[in-house]
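Heads up, start.pdb below (PDB, C-alpha atoms, pLDDT in the B column):
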```
ATOM      1  CA  MET A   1      75.062-133.167   3.053  1.00 45.00           C
ATOM      2  CA  SER A   2      77.359-130.474   1.656  1.00 49.00           C
ATOM      3  CA  ALA A   3      76.542-126.777   2.098  1.00 52.00           C
ATOM      4  CA  PRO A   4      75.747-124.676  -1.021  1.00 51.00           C
ATOM      5  CA  VAL A   5      78.664-122.619  -2.392  1.00 49.00           C
ATOM      6  CA  ARG A   6      78.026-118.905  -1.836  1.00 54.00           C
ATOM      7  CA  GLY A   7      78.877-116.241  -4.436  1.00 51.00           C
ATOM      8  CA  ARG A   8      78.081-118.362  -7.455  1.00 53.00           C
ATOM      9  CA  SER A   9      75.040-118.154  -9.606  1.00 52.00           C
ATOM     10  CA  THR A  10      74.203-120.351 -12.418  1.00 52.00           C
ATOM     11  CA  ARG A  11      72.226-118.724 -15.266  1.00 55.00           C
ATOM     12  CA  VAL A  12      70.720-120.565 -18.087  1.00 51.00           C
ATOM     13  CA  ARG A  13      71.074-118.659 -21.402  1.00 54.00           C
ATOM     14  CA  PRO A  14      67.856-118.726 -23.433  1.00 53.00           C
ATOM     15  CA  ALA A  15      68.142-121.093 -26.307  1.00 51.00           C
ATOM     16  CA  ASN A  16      67.097-118.393 -28.862  1.00 53.00           C
ATOM     17  CA  ARG A  17      69.521-115.704 -27.702  1.00 53.00           C
ATOM     18  CA  ARG A  18      72.604-115.208 -29.880  1.00 52.00           C
ATOM     19  CA  PRO A  19      75.970-114.358 -28.393  1.00 57.00           C
ATOM     20  CA  LYS A  20      76.631-110.682 -27.840  1.00 63.00           C
ATOM     21  CA  SER A  21      79.316-110.604 -30.532  1.00 78.00           C
ATOM     22  CA  ALA A  22      76.832-111.909 -33.123  1.00 78.00           C
ATOM     23  CA  GLU A  23      74.368-109.104 -32.333  1.00 78.00           C
ATOM     24  CA  TYR A  24      77.126-106.520 -32.669  1.00 73.00           C
ATOM     25  CA  LYS A  25      78.166-107.897 -36.018  1.00 73.00           C
ATOM     26  CA  ALA A  26      74.569-107.880 -37.258  1.00 75.00           C
ATOM     27  CA  ARG A  27      74.062-104.249 -36.209  1.00 78.00           C
ATOM     28  CA  ARG A  28      77.361-103.286 -37.817  1.00 74.00           C
ATOM     29  CA  ARG A  29      76.344-104.906 -41.085  1.00 76.00           C
ATOM     30  CA  VAL A  30      73.088-102.912 -41.083  1.00 75.00           C
ATOM     31  CA  ILE A  31      74.960 -99.666 -40.374  1.00 77.00           C
ATOM     32  CA  LEU A  32      77.521-100.362 -43.076  1.00 73.00           C
ATOM     33  CA  ARG A  33      74.786-101.222 -45.526  1.00 76.00           C
ATOM     34  CA  ARG A  34      72.973 -97.950 -44.796  1.00 77.00           C
ATOM     35  CA  ARG A  35      76.177 -95.967 -45.144  1.00 74.00           C
ATOM     36  CA  LEU A  36      76.910 -97.659 -48.435  1.00 71.00           C
ATOM     37  CA  VAL A  37      73.432 -96.881 -49.747  1.00 75.00           C
ATOM     38  CA  ALA A  38      73.802 -93.247 -48.630  1.00 72.00           C
ATOM     39  CA  LEU A  39      77.226 -92.997 -50.270  1.00 68.00           C
ATOM     40  CA  LEU A  40      75.969 -94.492 -53.513  1.00 70.00           C
ATOM     41  CA  THR A  41      73.001 -92.082 -53.464  1.00 69.00           C
ATOM     42  CA  VAL A  42      75.295 -89.089 -52.976  1.00 67.00           C
ATOM     43  CA  LEU A  43      77.628 -90.308 -55.721  1.00 55.00           C
ATOM     44  CA  SER A  44      74.672 -90.847 -58.060  1.00 56.00           C
ATOM     45  CA  VAL A  45      73.373 -87.318 -57.418  1.00 60.00           C
ATOM     46  CA  VAL A  46      76.846 -85.832 -57.876  1.00 57.00           C
ATOM     47  CA  GLY A  47      77.313 -87.816 -61.082  1.00 51.00           C
ATOM     48  CA  LEU A  48      73.924 -86.761 -62.410  1.00 53.00           C
ATOM     49  CA  VAL A  49      74.583 -83.093 -61.598  1.00 59.00           C
ATOM     50  CA  TYR A  50      77.987 -83.308 -63.247  1.00 56.00           C
ATOM     51  CA  CYS A  51      76.533 -84.900 -66.378  1.00 54.00           C
ATOM     52  CA  VAL A  52      73.737 -82.351 -66.602  1.00 54.00           C
ATOM     53  CA  TYR A  53      75.849 -79.263 -65.903  1.00 57.00           C
ATOM     54  CA  PHE A  54      79.261 -80.092 -67.329  1.00 54.00           C
ATOM     55  CA  THR A  55      78.935 -82.681 -70.121  1.00 54.00           C
ATOM     56  CA  PRO A  56      77.102 -82.878 -73.468  1.00 54.00           C
ATOM     57  CA  LEU A  57      74.913 -85.715 -72.170  1.00 56.00           C
ATOM     58  CA  LEU A  58      71.987 -83.285 -71.896  1.00 66.00           C
ATOM     59  CA  GLY A  59      73.584 -80.740 -74.203  1.00 85.00           C
ATOM     60  CA  VAL A  60      72.001 -78.723 -76.986  1.00 91.00           C
ATOM     61  CA  SER A  61      71.455 -80.834 -80.069  1.00 91.00           C
ATOM     62  CA  ARG A  62      68.872 -78.662 -81.847  1.00 93.00           C
ATOM     63  CA  VAL A  63      67.826 -74.998 -82.052  1.00 95.00           C
ATOM     64  CA  ASP A  64      64.196 -74.823 -83.177  1.00 96.00           C
ATOM     65  CA  VAL A  65      63.189 -71.473 -84.728  1.00 97.00           C
ATOM     66  CA  ARG A  66      59.502 -70.666 -85.100  1.00 97.00           C
ATOM     67  CA  GLY A  67      57.452 -67.637 -86.149  1.00 96.00           C
ATOM     68  CA  ASN A  68      60.040 -66.334 -88.617  1.00 96.00           C
ATOM     69  CA  GLY A  69      58.985 -65.055 -92.022  1.00 93.00           C
ATOM     70  CA  ALA A  70      61.406 -62.618 -93.638  1.00 94.00           C
ATOM     71  CA  LEU A  71      64.233 -63.924 -91.458  1.00 96.00           C
ATOM     72  CA  THR A  72      65.724 -67.333 -92.207  1.00 96.00           C
ATOM     73  CA  GLU A  73      66.272 -69.917 -89.485  1.00 96.00           C
ATOM     74  CA  ASP A  74      70.021 -69.811 -90.109  1.00 96.00           C
ATOM     75  CA  GLU A  75      70.090 -66.033 -89.633  1.00 97.00           C
ATOM     76  CA  VAL A  76      68.364 -66.375 -86.272  1.00 97.00           C
ATOM     77  CA  ARG A  77      70.572 -69.265 -85.150  1.00 96.00           C
ATOM     78  CA  ALA A  78      73.714 -67.318 -86.065  1.00 97.00           C
ATOM     79  CA  VAL A  79      72.669 -64.393 -83.868  1.00 97.00           C
ATOM     80  CA  ALA A  80      71.466 -66.638 -81.045  1.00 97.00           C
ATOM     81  CA  ALA A  81      74.978 -68.165 -80.997  1.00 95.00           C
ATOM     82  CA  ILE A  82      74.000 -71.336 -79.118  1.00 95.00           C
ATOM     83  CA  GLU A  83      76.870 -73.805 -79.333  1.00 92.00           C
ATOM     84  CA  THR A  84      75.946 -77.396 -80.073  1.00 91.00           C
ATOM     85  CA  GLY A  85      76.654 -79.617 -77.059  1.00 88.00           C
ATOM     86  CA  SER A  86      76.416 -76.781 -74.528  1.00 87.00           C
ATOM     87  CA  PRO A  87      74.788 -78.093 -71.314  1.00 88.00           C
ATOM     88  CA  LEU A  88      71.114 -77.209 -71.707  1.00 88.00           C
ATOM     89  CA  ILE A  89      70.597 -76.355 -68.037  1.00 86.00           C
ATOM     90  CA  ARG A  90      73.494 -73.879 -67.974  1.00 85.00           C
ATOM     91  CA  LEU A  91      72.322 -71.768 -70.907  1.00 91.00           C
ATOM     92  CA  ASP A  92      71.733 -68.102 -70.076  1.00 93.00           C
ATOM     93  CA  LEU A  93      68.287 -67.658 -71.606  1.00 94.00           C
ATOM     94  CA  LYS A  94      68.295 -63.900 -70.992  1.00 95.00           C
ATOM     95  CA  GLU A  95      71.497 -63.442 -72.963  1.00 96.00           C
ATOM     96  CA  ILE A  96      70.086 -65.500 -75.823  1.00 96.00           C
ATOM     97  CA  HIS A  97      66.846 -63.492 -75.672  1.00 97.00           C
ATOM     98  CA  ASP A  98      68.701 -60.182 -75.766  1.00 97.00           C
ATOM     99  CA  ARG A  99      70.838 -61.245 -78.720  1.00 97.00           C
ATOM    100  CA  VAL A 100      67.856 -62.355 -80.797  1.00 97.00           C
ATOM    101  CA  ALA A 101      65.729 -59.381 -79.707  1.00 97.00           C
ATOM    102  CA  GLY A 102      68.500 -57.155 -81.069  1.00 96.00           C
ATOM    103  CA  ILE A 103      67.682 -58.240 -84.629  1.00 97.00           C
ATOM    104  CA  PRO A 104      65.905 -55.202 -86.120  1.00 96.00           C
ATOM    105  CA  ARG A 105      63.123 -57.281 -87.668  1.00 97.00           C
ATOM    106  CA  VAL A 106      62.274 -58.988 -84.359  1.00 97.00           C
ATOM    107  CA  ALA A 107      59.474 -57.378 -82.342  1.00 96.00           C
ATOM    108  CA  ALA A 108      59.466 -60.049 -79.599  1.00 97.00           C
ATOM    109  CA  VAL A 109      61.053 -63.413 -78.860  1.00 97.00           C
ATOM    110  CA  GLU A 110      60.523 -66.223 -76.363  1.00 97.00           C
ATOM    111  CA  VAL A 111      63.353 -68.613 -75.469  1.00 97.00           C
ATOM    112  CA  GLU A 112      62.452 -72.054 -74.104  1.00 95.00           C
ATOM    113  CA  ARG A 113      64.391 -75.148 -72.980  1.00 92.00           C
ATOM    114  CA  GLN A 114      62.938 -78.477 -74.051  1.00 91.00           C
ATOM    115  CA  LEU A 115      64.491 -81.701 -72.789  1.00 85.00           C
ATOM    116  CA  PRO A 116      66.425 -83.617 -73.751  1.00 86.00           C
ATOM    117  CA  GLY A 117      68.379 -81.187 -75.961  1.00 90.00           C
ATOM    118  CA  THR A 118      66.282 -78.553 -77.738  1.00 94.00           C
ATOM    119  CA  VAL A 119      66.238 -74.770 -77.453  1.00 95.00           C
ATOM    120  CA  ARG A 120      63.118 -73.243 -79.003  1.00 97.00           C
ATOM    121  CA  LEU A 121      63.075 -69.636 -80.234  1.00 97.00           C
ATOM    122  CA  VAL A 122      59.559 -68.302 -80.918  1.00 98.00           C
ATOM    123  CA  LEU A 123      59.703 -65.042 -82.860  1.00 97.00           C
ATOM    124  CA  THR A 124      57.242 -62.278 -83.567  1.00 97.00           C
ATOM    125  CA  GLU A 125      58.472 -60.289 -86.536  1.00 97.00           C
ATOM    126  CA  ARG A 126      57.691 -56.638 -87.087  1.00 97.00           C
ATOM    127  CA  VAL A 127      54.903 -55.853 -89.539  1.00 95.00           C
ATOM    128  CA  PRO A 128      55.268 -52.743 -91.720  1.00 96.00           C
ATOM    129  CA  VAL A 129      52.587 -50.071 -91.689  1.00 95.00           C
ATOM    130  CA  GLY A 130      54.400 -48.213 -94.458  1.00 95.00           C
ATOM    131  CA  SER A 131      57.703 -47.603 -96.203  1.00 95.00           C
ATOM    132  CA  VAL A 132      59.748 -44.425 -96.563  1.00 95.00           C
ATOM    133  CA  LYS A 133      61.700 -43.768 -99.761  1.00 94.00           C
ATOM    134  CA  LEU A 134      65.193 -42.523 -98.942  1.00 93.00           C
ATOM    135  CA  PRO A 135      68.394 -42.378-101.030  1.00 93.00           C
ATOM    136  CA  ASP A 136      69.539 -45.839 -99.860  1.00 94.00           C
ATOM    137  CA  GLY A 137      66.213 -47.583-100.496  1.00 95.00           C
ATOM    138  CA  PHE A 138      62.765 -48.048 -98.998  1.00 95.00           C
ATOM    139  CA  HIS A 139      62.773 -48.090 -95.192  1.00 95.00           C
ATOM    140  CA  LEU A 140      60.107 -50.229 -93.535  1.00 96.00           C
ATOM    141  CA  VAL A 141      58.385 -48.670 -90.528  1.00 95.00           C
ATOM    142  CA  ASP A 142      56.309 -50.696 -88.049  1.00 95.00           C
ATOM    143  CA  SER A 143      53.394 -49.788 -85.795  1.00 94.00           C
ATOM    144  CA  THR A 144      55.740 -48.305 -83.177  1.00 93.00           C
ATOM    145  CA  GLY A 145      57.419 -45.995 -85.684  1.00 93.00           C
ATOM    146  CA  LYS A 146      60.627 -48.037 -85.736  1.00 94.00           C
ATOM    147  CA  ASP A 147      62.652 -47.999 -88.951  1.00 94.00           C
ATOM    148  CA  TYR A 148      63.720 -51.641 -89.015  1.00 95.00           C
ATOM    149  CA  ALA A 149      64.641 -52.739 -92.550  1.00 95.00           C
ATOM    150  CA  ILE A 150      65.643 -51.417 -95.981  1.00 95.00           C
ATOM    151  CA  LEU A 151      64.339 -52.829 -99.267  1.00 95.00           C
ATOM    152  CA  PRO A 152      65.514 -52.029-102.785  1.00 95.00           C
ATOM    153  CA  ALA A 153      61.918 -51.544-103.953  1.00 92.00           C
ATOM    154  CA  ALA A 154      58.668 -50.364-102.407  1.00 90.00           C
ATOM    155  CA  ALA A 155      57.022 -52.896-100.091  1.00 88.00           C
ATOM    156  CA  PRO A 156      53.857 -54.287-101.693  1.00 89.00           C
ATOM    157  CA  GLY A 157      50.574 -53.690 -99.958  1.00 89.00           C
ATOM    158  CA  VAL A 158      51.698 -50.878 -97.638  1.00 93.00           C
ATOM    159  CA  PRO A 159      51.410 -47.126 -98.236  1.00 96.00           C
ATOM    160  CA  GLU A 160      54.391 -44.890 -98.868  1.00 96.00           C
ATOM    161  CA  LEU A 161      55.210 -42.644 -95.917  1.00 96.00           C
ATOM    162  CA  VAL A 162      56.528 -39.219 -96.898  1.00 94.00           C
ATOM    163  CA  LEU A 163      58.724 -38.313 -93.949  1.00 91.00           C
ATOM    164  CA  THR A 164      62.000 -36.453 -93.583  1.00 86.00           C
ATOM    165  CA  LEU A 165      63.567 -39.055 -91.294  1.00 83.00           C
ATOM    166  CA  PRO A 166      61.494 -41.958 -89.915  1.00 87.00           C
ATOM    167  CA  SER A 167      62.040 -42.423 -86.201  1.00 87.00           C
ATOM    168  CA  SER A 168      59.927 -43.430 -83.217  1.00 85.00           C
ATOM    169  CA  SER A 169      61.043 -40.172 -81.555  1.00 88.00           C
ATOM    170  CA  ASP A 170      59.999 -37.974 -84.503  1.00 92.00           C
ATOM    171  CA  PRO A 171      56.616 -36.229 -83.963  1.00 93.00           C
ATOM    172  CA  ALA A 172      55.694 -36.532 -87.655  1.00 94.00           C
ATOM    173  CA  THR A 173      56.450 -40.253 -87.685  1.00 94.00           C
ATOM    174  CA  ARG A 174      54.478 -40.822 -84.485  1.00 94.00           C
ATOM    175  CA  ALA A 175      51.491 -38.920 -85.900  1.00 95.00           C
ATOM    176  CA  VAL A 176      51.480 -40.828 -89.212  1.00 95.00           C
ATOM    177  CA  VAL A 177      51.877 -44.210 -87.521  1.00 95.00           C
ATOM    178  CA  GLY A 178      49.247 -43.329 -84.913  1.00 94.00           C
ATOM    179  CA  VAL A 179      46.718 -42.541 -87.630  1.00 95.00           C
ATOM    180  CA  LEU A 180      47.499 -45.665 -89.667  1.00 95.00           C
ATOM    181  CA  ASN A 181      47.191 -47.887 -86.588  1.00 94.00           C
ATOM    182  CA  GLU A 182      43.633 -46.702 -85.997  1.00 93.00           C
ATOM    183  CA  LEU A 183      42.319 -46.628 -89.551  1.00 94.00           C
ATOM    184  CA  PRO A 184      39.384 -49.001 -90.144  1.00 93.00           C
ATOM    185  CA  GLU A 185      40.044 -51.956 -92.438  1.00 92.00           C
ATOM    186  CA  LYS A 186      37.548 -50.616 -94.975  1.00 92.00           C
ATOM    187  CA  LEU A 187      39.623 -47.473 -95.491  1.00 93.00           C
ATOM    188  CA  ARG A 188      43.144 -48.950 -95.544  1.00 92.00           C
ATOM    189  CA  PRO A 189      43.111 -50.233 -99.163  1.00 92.00           C
ATOM    190  CA  GLU A 190      42.340 -46.705-100.384  1.00 94.00           C
ATOM    191  CA  VAL A 191      45.443 -45.161 -98.779  1.00 95.00           C
ATOM    192  CA  LEU A 192      48.427 -44.974-101.145  1.00 96.00           C
ATOM    193  CA  ALA A 193      50.619 -42.471 -99.301  1.00 96.00           C
ATOM    194  CA  VAL A 194      50.697 -40.568 -96.015  1.00 96.00           C
ATOM    195  CA  ALA A 195      52.762 -37.421 -95.466  1.00 96.00           C
ATOM    196  CA  ALA A 196      53.569 -35.179 -92.513  1.00 95.00           C
ATOM    197  CA  THR A 197      56.228 -32.652 -91.522  1.00 94.00           C
ATOM    198  CA  THR A 198      54.965 -32.117 -87.973  1.00 91.00           C
ATOM    199  CA  GLY A 199      52.617 -33.937 -85.659  1.00 90.00           C
ATOM    200  CA  ALA A 200      49.658 -31.811 -86.782  1.00 94.00           C
ATOM    201  CA  ASP A 201      49.680 -31.811 -90.602  1.00 95.00           C
ATOM    202  CA  VAL A 202      49.018 -35.414 -91.657  1.00 96.00           C
ATOM    203  CA  ARG A 203      47.873 -35.711 -95.291  1.00 96.00           C
ATOM    204  CA  PHE A 204      46.670 -38.715 -97.283  1.00 94.00           C
ATOM    205  CA  THR A 205      46.837 -39.583-100.958  1.00 96.00           C
ATOM    206  CA  LEU A 206      44.042 -41.969-101.879  1.00 96.00           C
ATOM    207  CA  SER A 207      43.434 -44.061-104.954  1.00 94.00           C
ATOM    208  CA  GLY A 208      42.249 -42.082-107.965  1.00 94.00           C
ATOM    209  CA  GLY A 209      44.488 -39.130-107.062  1.00 94.00           C
ATOM    210  CA  ARG A 210      42.218 -37.957-104.254  1.00 96.00           C
ATOM    211  CA  THR A 211      43.767 -36.150-101.270  1.00 97.00           C
ATOM    212  CA  VAL A 212      42.759 -35.899 -97.611  1.00 97.00           C
ATOM    213  CA  LYS A 213      43.755 -33.199 -95.156  1.00 97.00           C
ATOM    214  CA  TRP A 214      43.783 -35.081 -91.861  1.00 97.00           C
ATOM    215  CA  GLY A 215      45.506 -32.759 -89.407  1.00 95.00           C
ATOM    216  CA  SER A 216      46.685 -34.234 -86.104  1.00 94.00           C
ATOM    217  CA  ALA A 217      46.389 -37.812 -84.922  1.00 92.00           C
ATOM    218  CA  GLU A 218      43.648 -36.835 -82.474  1.00 92.00           C
ATOM    219  CA  ASP A 219      40.069 -38.036 -83.060  1.00 94.00           C
ATOM    220  CA  THR A 220      41.260 -40.525 -85.689  1.00 93.00           C
ATOM    221  CA  ALA A 221      38.270 -42.831 -85.241  1.00 93.00           C
ATOM    222  CA  ARG A 222      35.816 -39.963 -85.689  1.00 95.00           C
ATOM    223  CA  LYS A 223      37.700 -38.509 -88.648  1.00 95.00           C
ATOM    224  CA  ALA A 224      37.764 -41.920 -90.317  1.00 94.00           C
ATOM    225  CA  ALA A 225      34.006 -42.327 -89.874  1.00 94.00           C
ATOM    226  CA  VAL A 226      33.380 -38.874 -91.381  1.00 95.00           C
ATOM    227  CA  LEU A 227      35.753 -39.574 -94.269  1.00 95.00           C
ATOM    228  CA  LEU A 228      33.995 -42.823 -95.151  1.00 94.00           C
ATOM    229  CA  VAL A 229      30.752 -40.862 -95.490  1.00 94.00           C
ATOM    230  CA  LEU A 230      32.389 -38.097 -97.544  1.00 94.00           C
ATOM    231  CA  LEU A 231      33.983 -40.583 -99.936  1.00 93.00           C
ATOM    232  CA  SER A 232      30.489 -41.472-101.155  1.00 92.00           C
ATOM    233  CA  ARG A 233      30.286 -37.957-102.610  1.00 92.00           C
ATOM    234  CA  PRO A 234      32.067 -36.809-105.755  1.00 93.00           C
ATOM    235  CA  GLY A 235      35.238 -34.841-105.128  1.00 93.00           C
ATOM    236  CA  MET A 236      39.026 -34.869-105.191  1.00 97.00           C
ATOM    237  CA  ASN A 237      39.930 -33.046-101.989  1.00 97.00           C
ATOM    238  CA  TYR A 238      38.610 -33.993 -98.557  1.00 97.00           C
ATOM    239  CA  ASP A 239      39.253 -32.078 -95.358  1.00 97.00           C
ATOM    240  CA  VAL A 240      38.495 -33.847 -92.062  1.00 96.00           C
ATOM    241  CA  SER A 241      41.007 -31.971 -89.917  1.00 95.00           C
ATOM    242  CA  SER A 242      37.974 -30.536 -88.109  1.00 94.00           C
ATOM    243  CA  PRO A 243      35.472 -33.401 -88.332  1.00 93.00           C
ATOM    244  CA  ASP A 244      32.541 -31.166 -87.348  1.00 93.00           C
ATOM    245  CA  LEU A 245      33.319 -28.894 -90.319  1.00 94.00           C
ATOM    246  CA  ALA A 246      34.461 -31.470 -92.881  1.00 93.00           C
ATOM    247  CA  THR A 247      34.429 -30.404 -96.533  1.00 95.00           C
ATOM    248  CA  VAL A 248      34.626 -31.908-100.035  1.00 95.00           C
ATOM    249  CA  SER A 249      35.796 -30.072-103.140  1.00 93.00           C
TER     250      SER A 249
END
```

Write-out of the structure in structure tokens:
Amino acid sequence: MSAPVRGRSTRVRPANRRPKSAEYKARRRVILRRRLVALLTVLSVVGLVYCVYFTPLLGVSRVDVRGNGALTEDEVRAVAAIETGSPLIRLDLKEIHDRVAGIPRVAAVEVERQLPGTVRLVLTERVPVGSVKLPDGFHLVDSTGKDYAILPAAAPGVPELVLTLPSSSDPATRAVVGVLNELPEKLRPEVLAVAATTGADVRFTLSGGRTVKWGSAEDTARKAAVLLVLLSRPGMNYDVSSPDLATVS
């Protein structure tokens, strides 16, 4: 009987175990696949960013103007200066806002992006409270006292403002506008003209040639209430500058 050979061991490889090289190749394929997916993802993101920021793919195709009345859409678009095809995401909305807000007739504007390619401009135009006749025409004045437009003829439906130079910094303009802003709706149709040389000598011309000495812009609501009562009495001249001592003559 022969003796067993020392130093040798005989191992039986499990039938379901693949060679080591096969496992390595399998792991490598998984790693390569993951790297490829990651690379394609990065390239897709880079491509999308490039298309959005640097190509007309999501560029401006339409400028939608809303809320305009006296201004035409083309006038607003010309000032907005938004180039067709400009990448929508790269537009400087503040610059566009400031350009459109610089139009004298514009009181406020909102600028909005709307995918895929629209820029919407929503305007609020100034509304005149009166017009001032000057050598170059009739100047429209809004509720802030801003002189914002010139017409060749008097604006229909608004009183004439008799002022030396309409300006939001002029005390007479501020007083006249302040009074008109607070007048009740019932009284407005009666007012044909409003005059002032300072902030304390506002005067009205009403329909029928009647006149009103108003005084300052203080206590406008109370003065208006007193005037409405006085107008029920016969007279041509009404003084409500001191509402407690109002007179009719």

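Separating atom CA of Asp98 of chain A from atom CA of Lys146 of chain A is a distance of 17.7 Å.
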
Which residue out of A:Thr72, A:Ser61, A:Ser249, A:Thr164 has the minimum interatomic distance to Gly85 of chain A when all atoms listed in the file are used?
->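 Closest to Gly85 of chain A of all the choices is A:Ser61.
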
Separation of atom CA of Val129 of chain A from atom CA of Leu245 of chain A in Å |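 Spanning atom CA of Leu245 of chain A to atom CA of Val129 of chain A is a straight-line distance of 28.7 Å.
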
Measure the distance from atom CA of Val127 of chain A to atom CA of Gly157 of chain A in Å and round it to one decimal.
->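 Between these atoms lies a distance of 11.5 Å.
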
Selection under test: the PyMOL selection byres ((chain A and resi 240-242) around 9); residues as a PyMOL selection string = chain A and resi 201-202+212-216+223-224+226-227+238-239+243-247

Nearest residue to Leu151 of chain A from the set A:Ala70, A:Asn181, A:Ile89, A:Met236 (distances using all atoms listed in the file) |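 Smallest separation from Leu151 of chain A among the options: A:Ala70.
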
Anything within 10 Å of (71.2, -70.4, -85.0): list those residues as a tab-separated table (two decimals) with C-alpha atoms, in the coordinates of the input, counting only C-alpha atoms and sticking to the file's coordinates.
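Okay, selection-v2.tsv is ready:
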```
chain	number	residue	atom	x	y	z
A	62	ARG	CA	68.87	-78.66	-81.85
A	63	VAL	CA	67.83	-75.00	-82.05
A	64	ASP	CA	64.20	-74.82	-83.18
A	65	VAL	CA	63.19	-71.47	-84.73
A	72	THR	CA	65.72	-67.33	-92.21
A	73	GLU	CA	66.27	-69.92	-89.48
A	74	ASP	CA	70.02	-69.81	-90.11
A	75	GLU	CA	70.09	-66.03	-89.63
A	76	VAL	CA	68.36	-66.38	-86.27
A	77	ARG	CA	70.57	-69.26	-85.15
A	78	ALA	CA	73.71	-67.32	-86.06
A	79	VAL	CA	72.67	-64.39	-83.87
A	80	ALA	CA	71.47	-66.64	-81.04
A	81	ALA	CA	74.98	-68.17	-81.00
A	82	ILE	CA	74.00	-71.34	-79.12
A	83	GLU	CA	76.87	-73.81	-79.33
A	84	THR	CA	75.95	-77.40	-80.07
A	100	VAL	CA	67.86	-62.36	-80.80
A	121	LEU	CA	63.08	-69.64	-80.23
```

Find the residues near Lys186 of chain A: any atom within 12 Å, counting all atoms listed in the file, skip ones fewer than 5 places away on the same chain, and give them as a PyMOL selection string.
-> chain A and resi 191+224-225+227-229+231

Quick one: which residues end up in the PyMOL selection byres ((chain A and resi 108) around 12) for this structure, as a PDB file with C-alpha atoms, in the frame of the given file?
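Generated file (out-v3.pdb):
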```pdb
ATOM      1  CA  ARG A  66      59.502 -70.666 -85.100  1.00 97.00           C
ATOM      2  CA  GLY A  67      57.452 -67.637 -86.149  1.00 96.00           C
ATOM      3  CA  ASN A  68      60.040 -66.334 -88.617  1.00 96.00           C
ATOM      4  CA  HIS A  97      66.846 -63.492 -75.672  1.00 97.00           C
ATOM      5  CA  ASP A  98      68.701 -60.182 -75.766  1.00 97.00           C
ATOM      6  CA  ARG A  99      70.838 -61.245 -78.720  1.00 97.00           C
ATOM      7  CA  VAL A 100      67.856 -62.355 -80.797  1.00 97.00           C
ATOM      8  CA  ALA A 101      65.729 -59.381 -79.707  1.00 97.00           C
ATOM      9  CA  GLY A 102      68.500 -57.155 -81.069  1.00 96.00           C
ATOM     10  CA  ILE A 103      67.682 -58.240 -84.629  1.00 97.00           C
ATOM     11  CA  PRO A 104      65.905 -55.202 -86.120  1.00 96.00           C
ATOM     12  CA  ARG A 105      63.123 -57.281 -87.668  1.00 97.00           C
ATOM     13  CA  VAL A 106      62.274 -58.988 -84.359  1.00 97.00           C
ATOM     14  CA  ALA A 107      59.474 -57.378 -82.342  1.00 96.00           C
ATOM     15  CA  VAL A 109      61.053 -63.413 -78.860  1.00 97.00           C
ATOM     16  CA  GLU A 110      60.523 -66.223 -76.363  1.00 97.00           C
ATOM     17  CA  VAL A 111      63.353 -68.613 -75.469  1.00 97.00           C
ATOM     18  CA  LEU A 121      63.075 -69.636 -80.234  1.00 97.00           C
ATOM     19  CA  VAL A 122      59.559 -68.302 -80.918  1.00 98.00           C
ATOM     20  CA  LEU A 123      59.703 -65.042 -82.860  1.00 97.00           C
ATOM     21  CA  THR A 124      57.242 -62.278 -83.567  1.00 97.00           C
ATOM     22  CA  GLU A 125      58.472 -60.289 -86.536  1.00 97.00           C
ATOM     23  CA  ARG A 126      57.691 -56.638 -87.087  1.00 97.00           C
ATOM     24  CA  VAL A 127      54.903 -55.853 -89.539  1.00 95.00           C
TER      25      VAL A 127
END
```
